[in-house]
>>> print(open('coords08.txt').read())   # compact mmCIF, N, CA and C atoms and all ligand atoms
# COMPACT_ATOMS: atom_id res chain seq x y z
N MET A 1 16.80 -4.67 -27.66
CA MET A 1 15.84 -3.69 -27.13
C MET A 1 14.82 -4.43 -26.27
N THR A 2 14.60 -3.90 -25.09
CA THR A 2 13.63 -4.53 -24.20
C THR A 2 12.38 -3.67 -24.12
N THR A 3 11.29 -4.33 -23.91
CA THR A 3 10.02 -3.63 -23.77
C THR A 3 9.87 -3.19 -22.31
N PRO A 4 9.58 -1.91 -22.09
CA PRO A 4 9.40 -1.48 -20.70
C PRO A 4 8.19 -2.18 -20.09
N PRO A 5 8.24 -2.40 -18.78
CA PRO A 5 7.10 -3.07 -18.15
C PRO A 5 5.83 -2.24 -18.30
N GLN A 6 4.73 -2.93 -18.46
CA GLN A 6 3.43 -2.25 -18.57
C GLN A 6 3.05 -1.73 -17.19
N VAL A 7 2.90 -0.42 -17.09
CA VAL A 7 2.52 0.17 -15.81
C VAL A 7 1.00 0.21 -15.74
N PRO A 8 0.43 -0.42 -14.73
CA PRO A 8 -1.04 -0.46 -14.64
C PRO A 8 -1.63 0.91 -14.32
N ASP A 9 -2.82 1.16 -14.86
CA ASP A 9 -3.52 2.38 -14.47
C ASP A 9 -4.25 2.13 -13.13
N ASP A 10 -4.92 3.17 -12.66
CA ASP A 10 -5.52 3.06 -11.32
C ASP A 10 -6.59 1.96 -11.25
N ALA A 11 -7.37 1.81 -12.31
CA ALA A 11 -8.40 0.77 -12.31
C ALA A 11 -7.76 -0.63 -12.28
N GLN A 12 -6.69 -0.79 -13.01
CA GLN A 12 -6.00 -2.09 -13.01
C GLN A 12 -5.36 -2.36 -11.65
N LEU A 13 -4.83 -1.31 -11.06
CA LEU A 13 -4.22 -1.48 -9.74
C LEU A 13 -5.29 -1.88 -8.70
N LEU A 14 -6.48 -1.30 -8.82
CA LEU A 14 -7.58 -1.69 -7.92
C LEU A 14 -7.96 -3.16 -8.13
N GLU A 15 -7.95 -3.61 -9.37
CA GLU A 15 -8.28 -5.02 -9.63
C GLU A 15 -7.23 -5.95 -9.02
N LEU A 16 -5.98 -5.53 -9.07
CA LEU A 16 -4.92 -6.34 -8.46
C LEU A 16 -5.07 -6.35 -6.94
N ALA A 17 -5.54 -5.24 -6.38
CA ALA A 17 -5.80 -5.19 -4.94
C ALA A 17 -6.98 -6.11 -4.59
N ARG A 18 -7.98 -6.10 -5.44
CA ARG A 18 -9.15 -6.96 -5.21
C ARG A 18 -8.75 -8.43 -5.26
N GLU A 19 -7.92 -8.77 -6.23
CA GLU A 19 -7.43 -10.15 -6.34
C GLU A 19 -6.68 -10.55 -5.06
N ALA A 20 -5.84 -9.64 -4.57
CA ALA A 20 -5.08 -9.94 -3.35
C ALA A 20 -6.01 -10.14 -2.16
N ALA A 21 -7.09 -9.36 -2.11
CA ALA A 21 -8.04 -9.47 -0.98
C ALA A 21 -8.65 -10.87 -0.89
N THR A 22 -8.79 -11.53 -2.03
CA THR A 22 -9.39 -12.87 -2.02
C THR A 22 -8.47 -13.89 -1.33
N LYS A 23 -7.21 -13.51 -1.12
CA LYS A 23 -6.25 -14.41 -0.48
C LYS A 23 -6.05 -14.11 1.00
N ALA A 24 -6.77 -13.15 1.53
CA ALA A 24 -6.58 -12.71 2.92
C ALA A 24 -6.76 -13.87 3.90
N TYR A 25 -5.98 -13.82 4.97
CA TYR A 25 -6.12 -14.77 6.08
C TYR A 25 -6.87 -14.04 7.20
N ILE A 26 -8.17 -14.28 7.28
CA ILE A 26 -9.04 -13.46 8.13
C ILE A 26 -10.04 -14.30 8.92
N PRO A 27 -9.55 -15.30 9.67
CA PRO A 27 -10.51 -16.15 10.38
C PRO A 27 -11.27 -15.41 11.49
N TYR A 28 -10.78 -14.28 11.96
CA TYR A 28 -11.39 -13.60 13.11
C TYR A 28 -12.31 -12.47 12.68
N SER A 29 -11.83 -11.60 11.83
CA SER A 29 -12.66 -10.46 11.41
C SER A 29 -13.55 -10.79 10.21
N THR A 30 -13.15 -11.74 9.41
CA THR A 30 -13.78 -12.01 8.10
C THR A 30 -13.93 -10.72 7.29
N PHE A 31 -12.94 -9.86 7.38
CA PHE A 31 -12.94 -8.56 6.70
C PHE A 31 -11.76 -8.53 5.72
N PRO A 32 -11.97 -9.02 4.49
CA PRO A 32 -10.84 -9.13 3.57
C PRO A 32 -10.44 -7.79 2.96
N VAL A 33 -9.15 -7.54 2.97
CA VAL A 33 -8.60 -6.32 2.38
C VAL A 33 -7.40 -6.72 1.52
N GLY A 34 -7.30 -6.07 0.37
CA GLY A 34 -6.15 -6.26 -0.51
C GLY A 34 -5.53 -4.93 -0.87
N ALA A 35 -4.24 -4.96 -1.12
CA ALA A 35 -3.51 -3.76 -1.54
C ALA A 35 -2.63 -4.14 -2.72
N ALA A 36 -2.45 -3.18 -3.61
CA ALA A 36 -1.50 -3.34 -4.71
C ALA A 36 -0.75 -2.03 -4.83
N LEU A 37 0.54 -2.09 -4.58
CA LEU A 37 1.32 -0.86 -4.67
C LEU A 37 2.18 -0.88 -5.91
N LEU A 38 2.41 0.31 -6.43
CA LEU A 38 3.27 0.50 -7.61
C LEU A 38 4.56 1.15 -7.14
N THR A 39 5.67 0.53 -7.47
CA THR A 39 6.97 1.10 -7.07
C THR A 39 7.47 2.05 -8.15
N ALA A 40 8.47 2.83 -7.78
CA ALA A 40 9.08 3.76 -8.74
C ALA A 40 9.79 3.03 -9.86
N SER A 41 10.09 1.75 -9.67
CA SER A 41 10.70 0.96 -10.74
C SER A 41 9.66 0.30 -11.63
N GLY A 42 8.38 0.55 -11.35
CA GLY A 42 7.31 0.04 -12.20
C GLY A 42 6.79 -1.33 -11.81
N GLU A 43 7.26 -1.83 -10.68
CA GLU A 43 6.78 -3.14 -10.21
C GLU A 43 5.48 -2.96 -9.44
N VAL A 44 4.65 -4.00 -9.49
CA VAL A 44 3.44 -4.04 -8.68
C VAL A 44 3.64 -5.10 -7.61
N VAL A 45 3.33 -4.75 -6.37
CA VAL A 45 3.44 -5.70 -5.26
C VAL A 45 2.09 -5.75 -4.56
N GLN A 46 1.57 -6.95 -4.39
CA GLN A 46 0.27 -7.13 -3.75
C GLN A 46 0.44 -7.54 -2.29
N GLY A 47 -0.57 -7.22 -1.51
CA GLY A 47 -0.61 -7.65 -0.11
C GLY A 47 -2.04 -7.89 0.31
N CYS A 48 -2.20 -8.70 1.35
CA CYS A 48 -3.53 -8.92 1.92
C CYS A 48 -3.38 -8.91 3.44
N ASN A 49 -4.49 -8.74 4.13
CA ASN A 49 -4.38 -8.77 5.58
C ASN A 49 -4.17 -10.20 6.08
N VAL A 50 -3.37 -10.31 7.11
CA VAL A 50 -3.01 -11.60 7.70
C VAL A 50 -3.24 -11.50 9.21
N GLU A 51 -4.28 -12.17 9.68
CA GLU A 51 -4.64 -12.05 11.10
C GLU A 51 -3.90 -13.07 11.96
N ASN A 52 -4.04 -12.89 13.25
CA ASN A 52 -3.37 -13.74 14.21
C ASN A 52 -4.29 -13.94 15.40
N ALA A 53 -4.22 -15.13 16.01
CA ALA A 53 -5.06 -15.43 17.17
C ALA A 53 -4.83 -14.45 18.32
N SER A 54 -3.66 -13.83 18.35
CA SER A 54 -3.39 -12.84 19.40
C SER A 54 -4.04 -11.50 19.09
N TYR A 55 -4.64 -11.36 17.92
CA TYR A 55 -5.26 -10.14 17.40
C TYR A 55 -4.24 -9.03 17.17
N GLY A 56 -3.47 -8.69 18.19
CA GLY A 56 -2.55 -7.55 18.09
C GLY A 56 -1.46 -7.74 17.06
N LEU A 57 -1.16 -8.96 16.69
CA LEU A 57 -0.12 -9.21 15.69
C LEU A 57 -0.66 -9.24 14.27
N THR A 58 -1.92 -8.96 14.12
CA THR A 58 -2.50 -8.87 12.78
C THR A 58 -1.77 -7.81 11.98
N ILE A 59 -1.54 -8.11 10.70
CA ILE A 59 -0.89 -7.13 9.83
C ILE A 59 -1.82 -6.85 8.64
N CYS A 60 -1.91 -5.58 8.31
CA CYS A 60 -2.82 -5.14 7.25
C CYS A 60 -2.24 -5.40 5.86
N ALA A 61 -3.12 -5.33 4.88
CA ALA A 61 -2.74 -5.56 3.48
C ALA A 61 -1.65 -4.60 3.01
N GLU A 62 -1.77 -3.34 3.39
CA GLU A 62 -0.80 -2.33 2.93
C GLU A 62 0.59 -2.63 3.48
N ARG A 63 0.65 -3.12 4.70
CA ARG A 63 1.97 -3.41 5.28
C ARG A 63 2.53 -4.73 4.78
N THR A 64 1.69 -5.72 4.49
CA THR A 64 2.26 -6.94 3.89
C THR A 64 2.81 -6.62 2.50
N ALA A 65 2.12 -5.76 1.75
CA ALA A 65 2.64 -5.37 0.43
C ALA A 65 3.97 -4.63 0.58
N THR A 66 4.05 -3.75 1.56
CA THR A 66 5.28 -2.96 1.75
C THR A 66 6.45 -3.86 2.13
N THR A 67 6.24 -4.79 3.03
CA THR A 67 7.35 -5.67 3.42
C THR A 67 7.74 -6.59 2.25
N ARG A 68 6.76 -7.02 1.47
CA ARG A 68 7.09 -7.81 0.27
C ARG A 68 7.90 -6.98 -0.71
N MET A 69 7.57 -5.70 -0.84
CA MET A 69 8.31 -4.82 -1.75
C MET A 69 9.79 -4.77 -1.35
N ILE A 70 10.04 -4.63 -0.06
CA ILE A 70 11.42 -4.51 0.41
C ILE A 70 12.20 -5.79 0.14
N VAL A 71 11.63 -6.92 0.44
CA VAL A 71 12.36 -8.18 0.24
C VAL A 71 12.46 -8.54 -1.24
N SER A 72 11.59 -8.02 -2.07
CA SER A 72 11.64 -8.29 -3.50
C SER A 72 12.67 -7.42 -4.22
N SER A 73 13.13 -6.36 -3.56
CA SER A 73 14.13 -5.49 -4.18
C SER A 73 15.49 -6.18 -4.17
N ASP A 74 16.45 -5.56 -4.86
CA ASP A 74 17.80 -6.11 -4.85
C ASP A 74 18.64 -5.55 -3.71
N GLY A 75 18.02 -4.87 -2.76
CA GLY A 75 18.74 -4.36 -1.61
C GLY A 75 18.68 -2.85 -1.53
N PRO A 76 19.41 -2.29 -0.56
CA PRO A 76 19.33 -0.84 -0.29
C PRO A 76 19.71 0.04 -1.48
N ASP A 77 20.56 -0.45 -2.39
CA ASP A 77 20.94 0.36 -3.55
C ASP A 77 19.87 0.38 -4.64
N ASP A 78 18.90 -0.48 -4.52
CA ASP A 78 17.81 -0.58 -5.51
C ASP A 78 16.68 0.35 -5.09
N ALA A 79 17.01 1.65 -5.04
CA ALA A 79 16.11 2.63 -4.41
C ALA A 79 14.73 2.69 -5.06
N ASP A 80 14.67 2.65 -6.40
CA ASP A 80 13.37 2.79 -7.06
C ASP A 80 12.44 1.62 -6.74
N ALA A 81 13.04 0.44 -6.54
CA ALA A 81 12.22 -0.73 -6.21
C ALA A 81 11.75 -0.70 -4.77
N ARG A 82 12.26 0.25 -4.00
CA ARG A 82 11.92 0.37 -2.58
C ARG A 82 11.17 1.66 -2.30
N ARG A 83 10.69 2.31 -3.38
CA ARG A 83 9.93 3.55 -3.20
C ARG A 83 8.54 3.36 -3.79
N ILE A 84 7.52 3.71 -3.00
CA ILE A 84 6.12 3.54 -3.41
C ILE A 84 5.64 4.80 -4.12
N VAL A 85 5.14 4.62 -5.33
CA VAL A 85 4.52 5.74 -6.04
C VAL A 85 3.08 5.90 -5.55
N LYS A 86 2.34 4.79 -5.60
CA LYS A 86 0.95 4.83 -5.16
C LYS A 86 0.51 3.44 -4.73
N VAL A 87 -0.58 3.43 -3.98
CA VAL A 87 -1.12 2.16 -3.51
C VAL A 87 -2.64 2.16 -3.72
N ALA A 88 -3.14 1.05 -4.23
CA ALA A 88 -4.59 0.85 -4.36
C ALA A 88 -5.03 -0.09 -3.26
N ILE A 89 -6.19 0.20 -2.68
CA ILE A 89 -6.69 -0.58 -1.55
C ILE A 89 -8.15 -0.94 -1.81
N VAL A 90 -8.47 -2.22 -1.60
CA VAL A 90 -9.85 -2.69 -1.77
C VAL A 90 -10.24 -3.50 -0.53
N GLY A 91 -11.35 -3.13 0.07
CA GLY A 91 -11.95 -3.93 1.12
C GLY A 91 -13.19 -4.59 0.52
N LEU A 92 -13.23 -5.91 0.55
CA LEU A 92 -14.36 -6.58 -0.12
C LEU A 92 -15.69 -6.33 0.59
N LYS A 93 -15.62 -5.88 1.85
CA LYS A 93 -16.84 -5.59 2.60
C LYS A 93 -17.01 -4.11 2.90
N ALA A 94 -16.10 -3.27 2.43
CA ALA A 94 -16.18 -1.84 2.71
C ALA A 94 -15.60 -1.07 1.54
N SER A 95 -16.37 -0.14 1.02
CA SER A 95 -15.89 0.65 -0.10
C SER A 95 -16.38 2.09 0.08
N PRO A 96 -15.50 3.07 0.09
CA PRO A 96 -14.05 2.94 -0.05
C PRO A 96 -13.42 2.40 1.22
N CYS A 97 -12.22 1.85 1.08
CA CYS A 97 -11.48 1.32 2.22
C CYS A 97 -10.15 2.07 2.29
N PHE A 98 -10.03 2.92 3.29
CA PHE A 98 -8.83 3.72 3.46
C PHE A 98 -7.84 3.02 4.39
N PRO A 99 -6.56 3.34 4.29
CA PRO A 99 -5.57 2.71 5.18
C PRO A 99 -5.73 3.18 6.62
N CYS A 100 -5.44 2.29 7.56
CA CYS A 100 -5.47 2.65 8.98
C CYS A 100 -4.28 3.58 9.28
N GLY A 101 -4.25 4.09 10.47
CA GLY A 101 -3.19 5.03 10.84
C GLY A 101 -1.81 4.42 10.77
N ALA A 102 -1.67 3.18 11.24
CA ALA A 102 -0.35 2.53 11.21
C ALA A 102 0.14 2.39 9.77
N CYS A 103 -0.75 1.99 8.89
CA CYS A 103 -0.37 1.80 7.48
C CYS A 103 -0.04 3.14 6.83
N ARG A 104 -0.74 4.19 7.19
CA ARG A 104 -0.42 5.51 6.63
C ARG A 104 1.02 5.88 6.97
N GLN A 105 1.41 5.62 8.22
CA GLN A 105 2.78 5.93 8.63
C GLN A 105 3.79 5.08 7.86
N VAL A 106 3.51 3.80 7.67
CA VAL A 106 4.45 2.91 6.96
C VAL A 106 4.53 3.29 5.48
N LEU A 107 3.40 3.60 4.87
CA LEU A 107 3.42 4.02 3.46
C LEU A 107 4.21 5.31 3.29
N HIS A 108 4.08 6.21 4.24
CA HIS A 108 4.82 7.48 4.20
C HIS A 108 6.32 7.25 4.26
N GLU A 109 6.74 6.27 5.02
CA GLU A 109 8.17 5.94 5.16
C GLU A 109 8.81 5.67 3.79
N PHE A 110 8.01 5.10 2.89
CA PHE A 110 8.55 4.71 1.58
C PHE A 110 8.07 5.61 0.45
N GLY A 111 7.66 6.84 0.82
CA GLY A 111 7.44 7.89 -0.17
C GLY A 111 6.13 7.85 -0.92
N CYS A 112 5.16 7.10 -0.45
CA CYS A 112 3.88 6.98 -1.16
C CYS A 112 3.30 8.37 -1.48
N GLN A 113 2.93 8.55 -2.74
CA GLN A 113 2.43 9.85 -3.20
C GLN A 113 0.91 9.90 -3.33
N SER A 114 0.28 8.73 -3.43
CA SER A 114 -1.14 8.72 -3.74
C SER A 114 -1.78 7.43 -3.23
N VAL A 115 -3.01 7.54 -2.76
CA VAL A 115 -3.79 6.38 -2.33
C VAL A 115 -5.02 6.29 -3.22
N ILE A 116 -5.22 5.13 -3.80
CA ILE A 116 -6.35 4.92 -4.70
C ILE A 116 -7.36 4.01 -4.02
N VAL A 117 -8.58 4.48 -3.93
CA VAL A 117 -9.67 3.68 -3.38
C VAL A 117 -10.79 3.65 -4.41
N GLU A 118 -11.77 2.81 -4.14
CA GLU A 118 -12.90 2.69 -5.03
C GLU A 118 -14.08 3.45 -4.42
N GLU A 119 -14.59 4.41 -5.19
CA GLU A 119 -15.75 5.17 -4.73
C GLU A 119 -16.82 5.10 -5.81
N ASP A 120 -17.99 4.60 -5.46
CA ASP A 120 -19.09 4.44 -6.43
C ASP A 120 -18.64 3.65 -7.65
N GLY A 121 -17.84 2.64 -7.41
CA GLY A 121 -17.42 1.74 -8.48
C GLY A 121 -16.31 2.25 -9.37
N ALA A 122 -15.76 3.41 -9.05
CA ALA A 122 -14.69 3.98 -9.88
C ALA A 122 -13.48 4.31 -9.03
N PRO A 123 -12.29 4.28 -9.64
CA PRO A 123 -11.09 4.64 -8.88
C PRO A 123 -11.10 6.12 -8.50
N ARG A 124 -10.66 6.41 -7.30
CA ARG A 124 -10.45 7.79 -6.89
C ARG A 124 -9.10 7.87 -6.20
N ALA A 125 -8.27 8.76 -6.68
CA ALA A 125 -6.92 8.93 -6.14
C ALA A 125 -6.89 10.11 -5.17
N TYR A 126 -6.33 9.87 -4.01
CA TYR A 126 -6.16 10.92 -3.01
C TYR A 126 -4.67 11.23 -2.88
N PRO A 127 -4.30 12.50 -2.94
CA PRO A 127 -2.90 12.84 -2.67
C PRO A 127 -2.53 12.41 -1.25
N PHE A 128 -1.31 11.88 -1.09
CA PHE A 128 -0.96 11.34 0.22
C PHE A 128 -0.99 12.40 1.32
N ALA A 129 -0.72 13.64 0.96
CA ALA A 129 -0.75 14.71 1.97
C ALA A 129 -2.15 14.89 2.56
N GLU A 130 -3.18 14.47 1.84
CA GLU A 130 -4.53 14.50 2.39
C GLU A 130 -4.79 13.30 3.30
N ILE A 131 -4.11 12.22 3.01
CA ILE A 131 -4.28 10.98 3.77
C ILE A 131 -3.54 11.06 5.10
N LEU A 132 -2.35 11.69 5.06
CA LEU A 132 -1.54 11.84 6.28
C LEU A 132 -0.93 13.25 6.30
N PRO A 133 -1.74 14.23 6.72
CA PRO A 133 -1.20 15.59 6.77
C PRO A 133 -0.08 15.70 7.80
N HIS A 134 0.92 16.48 7.47
CA HIS A 134 2.03 16.75 8.40
C HIS A 134 2.68 15.45 8.89
N GLY A 135 2.81 14.47 8.01
CA GLY A 135 3.39 13.18 8.39
C GLY A 135 4.84 13.30 8.82
N PHE A 136 5.21 12.48 9.78
CA PHE A 136 6.60 12.40 10.24
C PHE A 136 7.28 11.30 9.44
N GLY A 137 8.44 11.65 8.87
CA GLY A 137 9.10 10.65 8.04
C GLY A 137 10.61 10.77 8.08
N PRO A 138 11.29 10.00 7.22
CA PRO A 138 12.75 9.97 7.23
C PRO A 138 13.38 11.35 7.11
N ALA A 139 12.80 12.23 6.32
CA ALA A 139 13.38 13.57 6.13
C ALA A 139 13.43 14.35 7.44
N ASP A 140 12.51 14.05 8.35
CA ASP A 140 12.49 14.78 9.63
C ASP A 140 13.68 14.43 10.51
N LEU A 141 14.31 13.28 10.26
CA LEU A 141 15.48 12.89 11.05
C LEU A 141 16.78 13.44 10.47
N GLU A 142 16.74 13.92 9.22
CA GLU A 142 17.95 14.37 8.55
C GLU A 142 18.40 15.74 9.00
N ASN A 143 17.50 16.53 9.52
CA ASN A 143 17.85 17.88 9.96
C ASN A 143 17.22 18.14 11.33
N PRO A 144 17.77 17.49 12.36
CA PRO A 144 17.11 17.54 13.66
C PRO A 144 17.05 18.95 14.27
N GLU A 145 17.85 19.88 13.77
CA GLU A 145 17.79 21.23 14.34
C GLU A 145 16.84 22.12 13.57
N GLY A 146 16.11 21.51 12.65
CA GLY A 146 15.04 22.20 11.97
C GLY A 146 15.49 22.95 10.74
ZN ZN A 201 -3.49 -0.86 8.33
>>> encode(input="coords08.txt", output="structure tokens")
Amino acid sequence: MTTPPQVPDDAQLLELAREAATKAYIPYSTFPVGAALLTASGEVVQGCNVENASYGLTICAERTATTRMIVSSDGPDDADARRIVKVAIVGLKASPCFPCGACRQVLHEFGCQSVIVEEDGAPRAYPFAEILPHGFGPADLENPEG
């Protein structure tokens, strides 16, 4: 008999995002952001922002976590490990810290249902439909004739 993995609550997920933010590579903005996403398989994947001298190649914490999630899975058949249930985001210099537009689109691609931010020192969960109303995603390509 195996013990199921401990699934973190929203406060714990925020702490994991905060921990990730301390690792950010941010020589230009000095604006550290961390993300911790929970997959449908119960895994937690952390990400931090990683900047670049070209500026435009900077990647946000939410997207580094998402790409880490994909490479950490066992491949395309490992669907639950490639599906995001929720993501917690912490900006060490901004609270609450919501995902940018690009990250909202990427999180939507992998089914994210909820975004957790810190408001007045406490976790607050936003339904993803409020974060990205009328989002365009994989399902929109499955029935092109509507
Ligand atoms: Zn972003």
>>> residues_near_ligand(input="coords08.txt", ligand="ligand ZN 201 (chain A)", cutoff="5 Å", atoms="only N, CA and C atoms and all ligand atoms", output="MDAnalysis selection string")
chainID A and resid 60 99:100 103
>>> atom_distance(input="coords08.txt", atom1="atom C of Val117 (chain A)", atom2="atom C of Asp10 (chain A)")
8.2 Å
>>> residues_around(input="coords08.txt", residues="region 120-130 of chain A", least_positions_apart="2", cutoff="9 Å", atoms="only C-alpha atoms", output="ChimeraX atom specification")
/A:10-11,14,86,88,95-96,104,108,112-118,132-135
>>> atom_distance(input="coords08.txt", atom1="CA of Cys97 (chain A)", atom2="CA of Ile70 (chain A)")
23.7 Å
>>> residues_around(input="coords08.txt", residues="region 19-27 of chain A", least_positions_apart="2", cutoff="5 Å", atoms="only N, CA and C atoms", output="PyMOL selection string")
chain A and resi 15-17+29-30+32-34+48-51
>>> select_by_dssp(input="coords08.txt", residues="region 1-145 of chain A", states="strand (DSSP E or B)", output="number ranges by chain")
A: 25, 33-39, 44-48, 50, 59, 84-91, 94, 114-119, 122-127
>>> atom_distance(input="coords08.txt", atom1="CA of Val7 (chain A)", atom2="CA of Val87 (chain A)")
13.0 Å
>>> residues_around(input="coords08.txt", residues="Pro8 (chain A)", least_positions_apart="4", cutoff="9 Å", atoms="only C-alpha atoms", output="VMD selection string")
chain A and resid 12 to 13 38 42 44
>>> axis_aligned_box(input="coords08.txt", around="region 87-99 of chain A", padding_each_side="5 Å", output="JSON")
{"center_x": -8.8, "center_y": -1.4, "center_z": 1.1, "size_x": 26.4, "size_y": 20.3, "size_z": 21.0}
>>> residues_around(input="coords08.txt", residues="Val45 (chain A)", least_positions_apart="3", cutoff="7 Å", atoms="all atoms listed in the file", output="JSON, numbers by chain")
{"A": [35, 36, 37, 38, 39, 65, 66, 68, 69]}
>>> select_by_dssp(input="coords08.txt", residues="chain A", states="alpha helix (DSSP H)", output="NGL selection string")
:A and (10-21 or 61-72 or 101-109 or 128-131 or 138-142)
>>> residues_around(input="coords08.txt", residues="Arg63 (chain A)", least_positions_apart="5", cutoff="8 Å", atoms="only C-alpha atoms", output="list of chain:residue names")
A:Gly47, A:Cys103, A:Val106, A:Leu107
>>> closest_residue(input="coords08.txt", among="A:Phe136, A:Ala94, A:Ile89, A:Glu145", to="Ala61 (chain A)", atoms="only N, CA and C atoms")
A:Ile89
